[in-house]
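Asks: This is the content of model_36.tsv (TSV, C-alpha atoms):
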```tsv
chain	number	residue	atom	x	y	z
R	4	MET	CA	218.17	203.99	2.76
R	5	ASN	CA	220.68	206.64	1.70
R	6	ALA	CA	219.76	209.62	-0.47
R	7	GLY	CA	221.81	208.48	-3.49
R	8	LEU	CA	220.05	205.13	-3.66
R	9	GLN	CA	216.66	206.82	-3.33
R	10	ILE	CA	217.48	209.13	-6.26
R	11	LEU	CA	218.65	206.15	-8.34
R	12	ILE	CA	215.45	204.19	-7.58
R	13	THR	CA	213.34	207.25	-8.50
R	14	LEU	CA	215.22	207.67	-11.80
R	15	ILE	CA	214.87	203.97	-12.68
R	16	ALA	CA	211.15	204.08	-11.84
R	17	ALA	CA	210.68	207.13	-14.11
R	18	VAL	CA	212.50	205.37	-16.97
R	19	ILE	CA	210.38	202.23	-16.46
R	20	ILE	CA	207.14	204.29	-16.50
R	21	THR	CA	208.04	206.18	-19.68
R	22	GLY	CA	209.43	203.02	-21.32
R	23	GLY	CA	206.21	201.20	-20.44
R	24	ILE	CA	204.04	203.94	-21.95
R	25	PHE	CA	206.19	203.89	-25.11
R	26	ALA	CA	206.11	200.06	-25.31
R	27	LEU	CA	202.30	200.08	-24.97
R	28	SER	CA	202.01	202.48	-27.92
R	29	LEU	CA	204.12	200.10	-30.05
R	30	VAL	CA	201.54	197.29	-29.86
R	31	LEU	CA	198.70	199.48	-31.15
R	32	SER	CA	197.39	198.51	-34.58
R	33	GLY	CA	194.27	198.82	-36.70
R	34	GLU	CA	192.59	200.95	-39.31
R	35	ARG	CA	193.75	204.55	-39.46
R	36	ALA	CA	192.06	207.73	-40.64
R	37	TYR	CA	193.39	209.66	-43.63
R	38	GLY	CA	192.98	213.10	-45.14
R	39	LEU	CA	191.82	214.26	-48.55
R	40	ILE	CA	193.80	213.27	-51.62
R	41	GLU	CA	195.41	216.48	-52.91
R	42	ASN	CA	197.84	217.66	-55.54
R	43	ILE	CA	201.31	218.93	-54.56
R	44	ASP	CA	199.90	222.44	-54.02
R	45	GLY	CA	197.40	221.15	-51.45
R	46	VAL	CA	194.32	221.43	-53.70
R	47	PRO	CA	191.93	218.46	-53.34
R	48	PHE	CA	190.98	216.56	-56.48
R	49	THR	CA	187.40	216.54	-57.77
R	50	VAL	CA	185.04	213.84	-56.57
R	51	ALA	CA	182.64	212.67	-59.28
R	52	ASN	CA	180.02	210.01	-58.56
R	53	GLU	CA	181.80	207.59	-56.25
R	54	ALA	CA	185.36	208.23	-57.40
R	55	THR	CA	188.04	210.87	-56.98
R	56	LEU	CA	189.37	211.99	-60.36
R	57	VAL	CA	193.14	212.34	-60.09
R	58	THR	CA	194.33	214.49	-62.95
R	59	GLU	CA	197.97	215.12	-62.03
R	60	LYS	CA	201.13	213.09	-61.89
R	61	LEU	CA	201.58	213.48	-58.14
R	62	ALA	CA	198.82	213.07	-55.58
R	63	HIS	CA	199.27	212.75	-51.85
R	64	LEU	CA	197.32	212.20	-48.67
R	65	ASP	CA	198.15	212.02	-44.97
R	66	VAL	CA	197.48	208.89	-42.93
R	67	TYR	CA	197.02	209.72	-39.26
R	68	LEU	CA	198.73	207.13	-37.08
R	69	ARG	CA	197.97	206.76	-33.37
R	70	GLU	CA	201.37	205.31	-32.60
R	71	PRO	CA	205.06	205.86	-33.35
R	72	ALA	CA	206.19	204.48	-36.72
R	73	LEU	CA	208.73	202.24	-34.98
R	74	PHE	CA	207.98	198.49	-35.37
R	75	LYS	CA	205.07	199.27	-37.66
R	76	ARG	CA	204.05	198.68	-41.22
R	77	LEU	CA	201.27	200.37	-43.11
R	78	VAL	CA	199.03	198.10	-45.15
R	79	ILE	CA	197.21	200.16	-47.74
R	80	THR	CA	194.46	198.98	-50.04
R	81	VAL	CA	193.79	201.08	-53.12
R	82	GLU	CA	190.74	200.50	-55.31
R	83	PHE	CA	191.26	202.38	-58.54
R	84	ASP	CA	190.81	202.52	-62.30
R	85	PRO	CA	194.09	203.37	-64.08
R	86	GLN	CA	192.38	204.99	-67.11
R	87	ASN	CA	195.27	206.31	-69.32
R	88	LEU	CA	198.18	205.33	-67.04
R	89	ARG	CA	201.04	203.09	-67.99
R	90	GLN	CA	202.26	202.91	-64.38
R	91	LEU	CA	201.06	203.87	-60.91
R	92	ASP	CA	203.42	203.82	-57.92
R	93	VAL	CA	202.82	204.59	-54.27
R	94	GLY	CA	205.28	205.52	-51.53
R	95	VAL	CA	205.55	206.84	-47.97
R	96	ARG	CA	207.88	209.81	-47.38
R	97	GLU	CA	211.13	208.79	-45.71
R	98	GLY	CA	213.22	211.95	-45.42
R	99	GLU	CA	213.36	215.73	-45.15
R	100	PHE	CA	213.57	216.19	-48.94
R	101	TRP	CA	210.01	216.75	-50.22
R	102	LEU	CA	210.26	214.06	-52.89
R	103	SER	CA	211.92	211.29	-50.87
R	104	TYR	CA	209.47	208.45	-51.41
R	105	PRO	CA	210.67	204.89	-52.07
R	106	ARG	CA	208.20	203.78	-54.74
R	107	HIS	CA	206.17	200.58	-54.89
R	108	THR	CA	204.48	199.83	-58.19
R	109	ILE	CA	200.80	198.97	-57.83
R	110	TYR	CA	199.93	199.10	-61.53
R	111	ASP	CA	201.91	198.42	-64.68
R	112	ALA	CA	200.04	198.41	-67.99
R	113	LEU	CA	202.39	195.73	-69.35
R	114	GLN	CA	201.58	193.31	-66.52
R	115	HIS	CA	198.06	194.16	-65.37
R	116	THR	CA	194.72	194.28	-67.13
R	117	SER	CA	192.97	197.62	-67.45
R	118	GLY	CA	189.80	198.51	-65.57
R	119	ARG	CA	188.84	198.84	-61.92
R	120	LYS	CA	190.98	196.85	-59.51
R	121	SER	CA	191.95	196.65	-55.86
R	122	ILE	CA	195.58	196.33	-54.78
R	123	THR	CA	196.90	195.81	-51.24
R	124	ILE	CA	200.49	196.65	-50.42
R	125	PRO	CA	202.41	196.63	-47.10
R	126	ILE	CA	205.01	199.35	-46.50
R	127	ASN	CA	207.38	199.27	-43.52
R	128	LEU	CA	207.18	202.50	-41.54
R	129	THR	CA	210.13	202.37	-39.12
R	130	ASP	CA	212.42	204.36	-41.43
R	131	LYS	CA	209.69	206.72	-42.65
R	132	LEU	CA	209.25	210.36	-41.72
R	133	GLN	CA	206.48	210.90	-39.18
R	134	ASP	CA	205.13	214.40	-38.63
R	135	SER	CA	204.56	215.89	-35.17
R	136	ASP	CA	200.84	215.01	-35.42
R	137	ARG	CA	201.98	211.40	-36.03
R	138	SER	CA	200.81	211.42	-39.66
R	139	VAL	CA	202.76	209.89	-42.52
R	140	ASP	CA	202.65	211.21	-46.07
R	141	VAL	CA	201.52	208.82	-48.79
R	142	MET	CA	202.23	209.87	-52.38
R	143	PHE	CA	200.91	208.39	-55.64
R	144	PHE	CA	203.11	208.70	-58.72
R	145	ALA	CA	201.15	208.36	-61.95
R	146	ALA	CA	202.85	207.96	-65.30
R	147	ALA	CA	200.56	208.51	-68.28
R	148	GLU	CA	201.37	207.45	-71.82
R	149	GLY	CA	203.92	209.91	-73.26
R	150	ALA	CA	204.64	211.59	-69.92
R	151	THR	CA	208.08	213.10	-69.30
R	152	SER	CA	210.25	212.57	-66.22
R	153	LYS	CA	209.42	216.02	-64.78
R	154	GLU	CA	207.64	216.01	-61.39
R	155	ASP	CA	205.26	218.77	-62.43
R	156	GLU	CA	204.17	218.99	-66.05
R	157	GLY	CA	201.71	221.82	-65.44
R	158	VAL	CA	199.08	222.18	-68.16
R	159	ASP	CA	200.77	219.42	-70.22
R	160	ASP	CA	199.94	216.85	-67.54
R	161	THR	CA	197.68	214.24	-69.13
R	162	ALA	CA	197.52	211.81	-66.21
R	163	LEU	CA	194.04	210.58	-65.36
R	164	TRP	CA	193.03	207.85	-62.97
R	165	GLU	CA	190.13	207.27	-60.62
R	166	LEU	CA	190.43	206.46	-56.94
R	167	TYR	CA	187.36	204.56	-55.71
R	168	ASN	CA	188.46	203.56	-52.25
R	169	PHE	CA	191.46	203.83	-49.98
R	170	THR	CA	192.02	202.12	-46.65
R	171	ALA	CA	195.08	202.06	-44.41
R	172	HIS	CA	195.82	200.03	-41.32
R	173	THR	CA	198.89	199.53	-39.20
R	174	GLU	CA	200.41	196.22	-38.13
R	175	PHE	CA	203.28	195.25	-35.88
R	176	THR	CA	206.41	194.16	-37.74
R	177	PHE	CA	210.11	193.81	-37.02
R	178	PRO	CA	212.23	196.35	-38.90
R	179	THR	CA	215.44	195.47	-40.70
R	180	THR	CA	218.80	196.61	-39.28
R	181	ASP	CA	219.03	199.38	-41.89
R	182	GLU	CA	215.53	200.62	-41.03
R	183	MET	CA	216.45	200.73	-37.32
R	184	LYS	CA	219.62	202.69	-38.16
R	185	ASP	CA	217.53	205.16	-40.18
R	186	TYR	CA	215.08	205.54	-37.28
R	187	ILE	CA	217.86	206.19	-34.74
R	188	ARG	CA	219.54	208.64	-37.14
R	189	SER	CA	216.26	210.53	-37.66
R	190	VAL	CA	215.77	210.82	-33.87
R	191	ILE	CA	219.34	212.03	-33.27
R	192	LYS	CA	219.25	214.46	-36.20
R	193	ARG	CA	215.74	215.65	-35.22
R	194	GLU	CA	214.47	215.18	-38.78
R	195	ARG	CA	211.39	217.22	-39.67
R	196	PRO	CA	209.52	217.63	-42.95
R	197	LEU	CA	210.96	220.67	-44.75
N	27	MET	CA	205.90	215.30	8.06
N	28	VAL	CA	206.79	214.27	4.55
N	29	ASN	CA	204.96	211.24	3.23
N	30	THR	CA	207.84	209.31	1.66
N	31	PHE	CA	205.70	207.19	-0.72
N	32	THR	CA	203.84	210.22	-2.15
N	33	ASP	CA	207.16	212.06	-2.25
N	34	ARG	CA	208.77	209.33	-4.36
N	35	VAL	CA	205.76	208.96	-6.67
N	36	PHE	CA	205.72	212.72	-7.24
N	37	TRP	CA	209.41	212.92	-8.11
N	38	THR	CA	209.19	209.81	-10.29
N	39	LEU	CA	206.34	211.34	-12.28
N	40	LEU	CA	208.12	214.67	-12.51
N	41	ILE	CA	211.19	212.97	-14.00
N	42	ALA	CA	208.89	210.98	-16.32
N	43	ILE	CA	207.44	214.29	-17.59
N	44	GLY	CA	211.00	215.46	-18.25
N	45	ILE	CA	211.83	212.29	-20.19
N	46	ILE	CA	208.63	212.56	-22.26
N	47	ALA	CA	209.29	216.25	-22.98
N	48	ALA	CA	212.89	215.47	-24.03
N	49	ALA	CA	211.71	212.59	-26.24
N	50	ARG	CA	209.11	214.84	-27.87
N	51	TRP	CA	211.76	217.51	-28.48
N	52	LEU	CA	213.95	214.94	-30.24
N	53	HIS	CA	211.14	213.15	-32.08
N	54	PRO	CA	207.62	214.57	-31.59
N	55	ALA	CA	205.90	211.37	-32.72
N	56	THR	CA	207.48	209.31	-29.90
N	57	PHE	CA	204.87	210.38	-27.36
N	58	SER	CA	201.53	212.00	-28.12
N	59	VAL	CA	200.49	215.33	-26.63
N	60	GLN	CA	197.67	213.47	-24.82
N	61	THR	CA	200.19	211.19	-23.07
N	62	PHE	CA	202.19	214.21	-21.98
N	63	LEU	CA	199.07	215.94	-20.63
N	64	VAL	CA	197.78	212.83	-18.80
N	65	VAL	CA	201.12	212.31	-17.01
N	66	THR	CA	201.26	216.04	-16.19
N	67	VAL	CA	197.74	216.03	-14.69
N	68	ILE	CA	198.49	212.88	-12.61
N	69	THR	CA	201.73	214.51	-11.40
N	70	PHE	CA	199.84	217.66	-10.47
N	71	ILE	CA	197.29	215.66	-8.44
N	72	VAL	CA	200.04	213.67	-6.68
N	73	GLY	CA	201.89	216.96	-6.08
N	74	VAL	CA	198.82	218.49	-4.40
N	75	LEU	CA	198.44	215.38	-2.21
N	76	TYR	CA	202.16	215.55	-1.36
N	77	LEU	CA	201.91	219.21	-0.32
N	78	LYS	CA	198.79	218.56	1.77
N	79	LYS	CA	200.39	215.67	3.63
N	80	SER	CA	203.67	217.47	4.17
N	81	SER	CA	202.03	220.60	5.62
```
Could you render the structure as structure tokens?
Replies:
Amino acid sequence: MNAGLQILITLIAAVIITGGIFALSLVLSGERAYGLIENIDGVPFTVANEATLVTEKLAHLDVYLREPALFKRLVITVEFDPQNLRQLDVGVREGEFWLSYPRHTIYDALQHTSGRKSITIPINLTDKLQDSDRSVDVMFFAAAEGATSKEDEGVDDTALWELYNFTAHTEFTFPTTDEMKDYIRSVIKRERPL
Amino acid sequence: MVNTFTDRVFWTLLIAIGIIAAARWLHPATFSVQTFLVVTVITFIVGVLYLKKSS
């Protein structure tokens, strides 16, 4: 066998090995750990009795994946009491800009009854921003009665809701063409959280 | 005498380390640090075997 062919076989074998390792990581799924729910300055919210009292418009937590976000969706279940909210949205960060979260409404006072409830929502992850520790950033957007459109209302923030339970698990799913384009673009551009 | 099978496995793993490192440079979440370390340790062991057999 000539040297050129041997080098080619070695290269192909290396690509197959790394491709195989990557493909194996894509089929992983299951419940994933998450960090504390914090405000945008990284200060955790108070836990009283069995619930976390969220007293600001924006609240985020990290979900620690064990796999790449490609071909994955995150199914999150939130058990909460909306208290004085008129709307509660949730989103997973998709870009370098700190507030780039496509929002999914999980509570709307005009459509839902008040009181403690549990909502499950799937969010595709392929086009989302994954940190170097493989975590994704989940943000809650609370809109209280009379709230303005500012992200941070400081001492005027009247938002109050209670988080009783949060679970997150990953599932395999096929991304859309646009999501795949976003993923490829983020790899080529080496996107990182700013 | 060089053991050709060990030789090929060693070079294959070495290139695999390079691919994983390049992928992590582009997109750190593609491969975990643990994967990188496991492949590196296996390559090191195969490399030691390769050197022993070739000496």
Asks: Skipping near chain neighbours, those fewer than 5 positions away, what residues fall within 12 Å of stretch 63-66 of chain N using all atoms listed in the file, listed as a short mmCIF file (atom, residue, chain, number, x, y, z; two decimals) with C-alpha atoms, in the frame of the given file?
Replies:
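Wrote it out as around.cif, contents follow:
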```cif
data_model
loop_
_atom_site.label_atom_id
_atom_site.label_comp_id
_atom_site.auth_asym_id
_atom_site.auth_seq_id
_atom_site.Cartn_x
_atom_site.Cartn_y
_atom_site.Cartn_z
CA ALA R 17 210.68 207.13 -14.11
CA ILE R 20 207.14 204.29 -16.50
CA THR R 21 208.04 206.18 -19.68
CA ILE R 24 204.04 203.94 -21.95
CA VAL N 35 205.76 208.96 -6.67
CA PHE N 36 205.72 212.72 -7.24
CA TRP N 37 209.41 212.92 -8.11
CA THR N 38 209.19 209.81 -10.29
CA LEU N 39 206.34 211.34 -12.28
CA LEU N 40 208.12 214.67 -12.51
CA ILE N 41 211.19 212.97 -14.00
CA ALA N 42 208.89 210.98 -16.32
CA ILE N 43 207.44 214.29 -17.59
CA GLY N 44 211.00 215.46 -18.25
CA ILE N 45 211.83 212.29 -20.19
CA ILE N 46 208.63 212.56 -22.26
CA ALA N 47 209.29 216.25 -22.98
CA PHE N 57 204.87 210.38 -27.36
CA SER N 58 201.53 212.00 -28.12
CA ILE N 71 197.29 215.66 -8.44
CA VAL N 72 200.04 213.67 -6.68
CA GLY N 73 201.89 216.96 -6.08
#
```
Asks: I'd like the neighbourhood of stretch 25-31 of chain R as a list of chain:residue names, where a residue qualifies if any of its atoms comes within 8 Å (using all atoms listed in the file), though same-chain residues fewer than 5 positions away should be ignored.
Replies: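 Residues near the query, excluding close chain neighbours: R:Arg69, R:Glu70, R:Pro71, R:Leu73, R:Phe74, R:Lys75, R:Glu174, R:Phe175, N:Thr56, N:Phe57.
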Asks: Would you compute, for all listed atoms of stretch 77-84 of chain R, the axis-aligned bounding box grown by 4 Å on each side, and then report its centre and edge lengths in Å rounded to one decimal, as lines of an AutoDock Vina configuration file?
Replies:
```
center_x = 196.0
center_y = 200.3
center_z = -52.7
size_x = 18.5
size_y = 12.4
size_z = 27.2
```
Asks: Counting all atoms listed in the file, which of R:Pro47, R:Gly22, R:Gly7, R:Pro105 gets nearest to chain N?
Replies: R:Gly22
Asks: So which one's closest to chain R, N:Arg50, N:Ala55, N:Thr30, N:Thr61? Using all atoms listed in the file, please.
Replies: N:Ala55
Asks: What residues in chain R lie within 12 Å of chain N, counting only C-alpha atoms, written as a ChimeraX atom specification?
Replies: /R:4,6,9-29,67-73,129,131-139,186-196
Asks: One decimal, Å: what's the distance from atom CA of R:Arg89 over to atom CA of R:Ala112, could you say?
Replies: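 Atom CA of R:Ala112 lies at a distance of 4.8 Å from atom CA of R:Arg89.
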Asks: Would you mind reading off the distance between atom CA of R:Ala145 and atom CA of R:Val95, one decimal, in Å?
Replies: 14.7 Å
Asks: Leaving out R:His172 and any residue of its chain fewer than 4 positions from it, which residues lie within 10 Å of it when counting only C-alpha atoms, given as a PyMOL selection string?
Replies: chain R and resi 32-36+66-68+75-80+125
Asks: For atom CA of R:Asn127 and atom CA of R:Gly94, quote the distance in Å rounded to one decimal.
Replies: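 One can read the atom CA of R:Asn127 to atom CA of R:Gly94 distance as 10.4 Å.
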Asks: Counting all atoms listed in the file, find residues at most 8 Å from (200.7, 207.8, -2.4) (file frame) and give them as an NGL selection string.
Replies: :N and (29 or 31-33 or 35 or 72 or 75-76)
Asks: Can you list, as a list in words, every protein, DNA or RNA residue that comes within 10 Å of R:Glu82 when you count only C-alpha atoms, leaving out same-chain residues fewer than 3 positions away?
Replies: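 My reading of the contact set: Ala54, Ile79, Pro85, Arg119, Lys120, Ser121, Ile122, Thr123, Glu165, Leu166, Tyr167, Asn168, Phe169 and Thr170 of chain R.
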Asks: Based on the selection just made, write C-alpha atoms of those residues as a PDB file, in the coordinates of the input.
Replies:
```pdb
ATOM      1  CA  ALA R  54     185.360 208.230 -57.400  1.00  0.00           C
ATOM      2  CA  ILE R  79     197.210 200.160 -47.740  1.00  0.00           C
ATOM      3  CA  PRO R  85     194.090 203.370 -64.080  1.00  0.00           C
ATOM      4  CA  ARG R 119     188.840 198.840 -61.920  1.00  0.00           C
ATOM      5  CA  LYS R 120     190.980 196.850 -59.510  1.00  0.00           C
ATOM      6  CA  SER R 121     191.950 196.650 -55.860  1.00  0.00           C
ATOM      7  CA  ILE R 122     195.580 196.330 -54.780  1.00  0.00           C
ATOM      8  CA  THR R 123     196.900 195.810 -51.240  1.00  0.00           C
ATOM      9  CA  GLU R 165     190.130 207.270 -60.620  1.00  0.00           C
ATOM     10  CA  LEU R 166     190.430 206.460 -56.940  1.00  0.00           C
ATOM     11  CA  TYR R 167     187.360 204.560 -55.710  1.00  0.00           C
ATOM     12  CA  ASN R 168     188.460 203.560 -52.250  1.00  0.00           C
ATOM     13  CA  PHE R 169     191.460 203.830 -49.980  1.00  0.00           C
ATOM     14  CA  THR R 170     192.020 202.120 -46.650  1.00  0.00           C
TER      15      THR R 170
END
```
Asks: Please tell me which residues are no farther than 9 Å from (187.3, 204.4, -65.9) in the file, counting only C-alpha atoms, and write them as an MDAnalysis selection string.
Replies: chainID R and resid 83:87 117:119 164:165
Asks: Using all atoms listed in the file, which residue out of R:Asp130, R:Asp111, R:Asp160, R:Asp65 lies closest to R:Gly98?
Replies: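 Using all atoms listed in the file, the shortest distance to R:Gly98 belongs to R:Asp130.
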Asks: Any idea what's packed within 7 Å of R:Tyr110, counting all atoms listed in the file, ignoring anything in its chain fewer than 4 positions away? Could you give it as a PDB file with C-alpha atoms, in the coordinates of the input?
Replies:
```pdb
ATOM      1  CA  GLN R  90     202.260 202.910 -64.380  1.00  0.00           C
ATOM      2  CA  LEU R  91     201.060 203.870 -60.910  1.00  0.00           C
ATOM      3  CA  ASP R  92     203.420 203.820 -57.920  1.00  0.00           C
ATOM      4  CA  HIS R 115     198.060 194.160 -65.370  1.00  0.00           C
TER       5      HIS R 115
END
```
Asks: Please complete stretch 92-114 of chain R with N, CA and C atoms and give it back as a compact mmCIF listing (two decimals), in the coordinates of the input.
Replies:
```txt
# COMPACT_ATOMS: atom_id res chain seq x y z
N ASP R 92 202.61 204.20 -59.09
CA ASP R 92 203.42 203.82 -57.92
C ASP R 92 202.88 204.52 -56.68
N VAL R 93 203.20 203.96 -55.53
CA VAL R 93 202.82 204.59 -54.27
C VAL R 93 204.03 204.52 -53.33
N GLY R 94 204.16 205.52 -52.48
CA GLY R 94 205.28 205.52 -51.53
C GLY R 94 204.96 206.34 -50.29
N VAL R 95 205.69 206.07 -49.21
CA VAL R 95 205.55 206.84 -47.97
C VAL R 95 206.84 207.64 -47.79
N ARG R 96 206.71 208.93 -47.48
CA ARG R 96 207.88 209.81 -47.38
C ARG R 96 208.84 209.33 -46.30
N GLU R 97 210.15 209.32 -46.65
CA GLU R 97 211.13 208.79 -45.71
C GLU R 97 212.13 209.82 -45.19
N GLY R 98 212.19 211.00 -45.83
CA GLY R 98 213.22 211.95 -45.42
C GLY R 98 212.76 213.39 -45.49
N GLU R 99 213.69 214.30 -45.16
CA GLU R 99 213.36 215.73 -45.15
C GLU R 99 213.08 216.27 -46.55
N PHE R 100 213.78 215.73 -47.56
CA PHE R 100 213.57 216.19 -48.94
C PHE R 100 212.13 215.89 -49.35
N TRP R 101 211.45 216.87 -49.98
CA TRP R 101 210.01 216.75 -50.22
C TRP R 101 209.63 215.60 -51.15
N LEU R 102 210.60 215.12 -51.95
CA LEU R 102 210.26 214.06 -52.89
C LEU R 102 210.95 212.73 -52.54
N SER R 103 211.21 212.52 -51.26
CA SER R 103 211.92 211.29 -50.87
C SER R 103 210.93 210.18 -50.52
N TYR R 104 210.44 209.54 -51.57
CA TYR R 104 209.47 208.45 -51.41
C TYR R 104 209.99 207.20 -52.12
N PRO R 105 210.36 206.15 -51.39
CA PRO R 105 210.67 204.89 -52.07
C PRO R 105 209.37 204.38 -52.72
N ARG R 106 209.44 204.09 -54.01
CA ARG R 106 208.20 203.78 -54.74
C ARG R 106 207.92 202.27 -54.80
N HIS R 107 206.64 201.96 -54.73
CA HIS R 107 206.17 200.58 -54.89
C HIS R 107 205.14 200.60 -56.01
N THR R 108 205.40 199.82 -57.05
CA THR R 108 204.48 199.83 -58.19
C THR R 108 203.22 199.03 -57.86
N ILE R 109 202.07 199.68 -58.05
CA ILE R 109 200.80 198.97 -57.83
C ILE R 109 200.07 198.71 -59.16
N TYR R 110 200.53 199.37 -60.22
CA TYR R 110 199.93 199.10 -61.53
C TYR R 110 200.98 199.29 -62.62
N ASP R 111 201.03 198.33 -63.52
CA ASP R 111 201.91 198.42 -64.68
C ASP R 111 201.11 197.90 -65.88
N ALA R 112 200.89 198.76 -66.85
CA ALA R 112 200.04 198.41 -67.99
C ALA R 112 200.53 197.16 -68.73
N LEU R 113 201.84 196.89 -68.65
CA LEU R 113 202.39 195.73 -69.35
C LEU R 113 202.08 194.42 -68.61
N GLN R 114 201.81 194.53 -67.32
CA GLN R 114 201.58 193.31 -66.52
C GLN R 114 200.14 193.13 -66.07
```
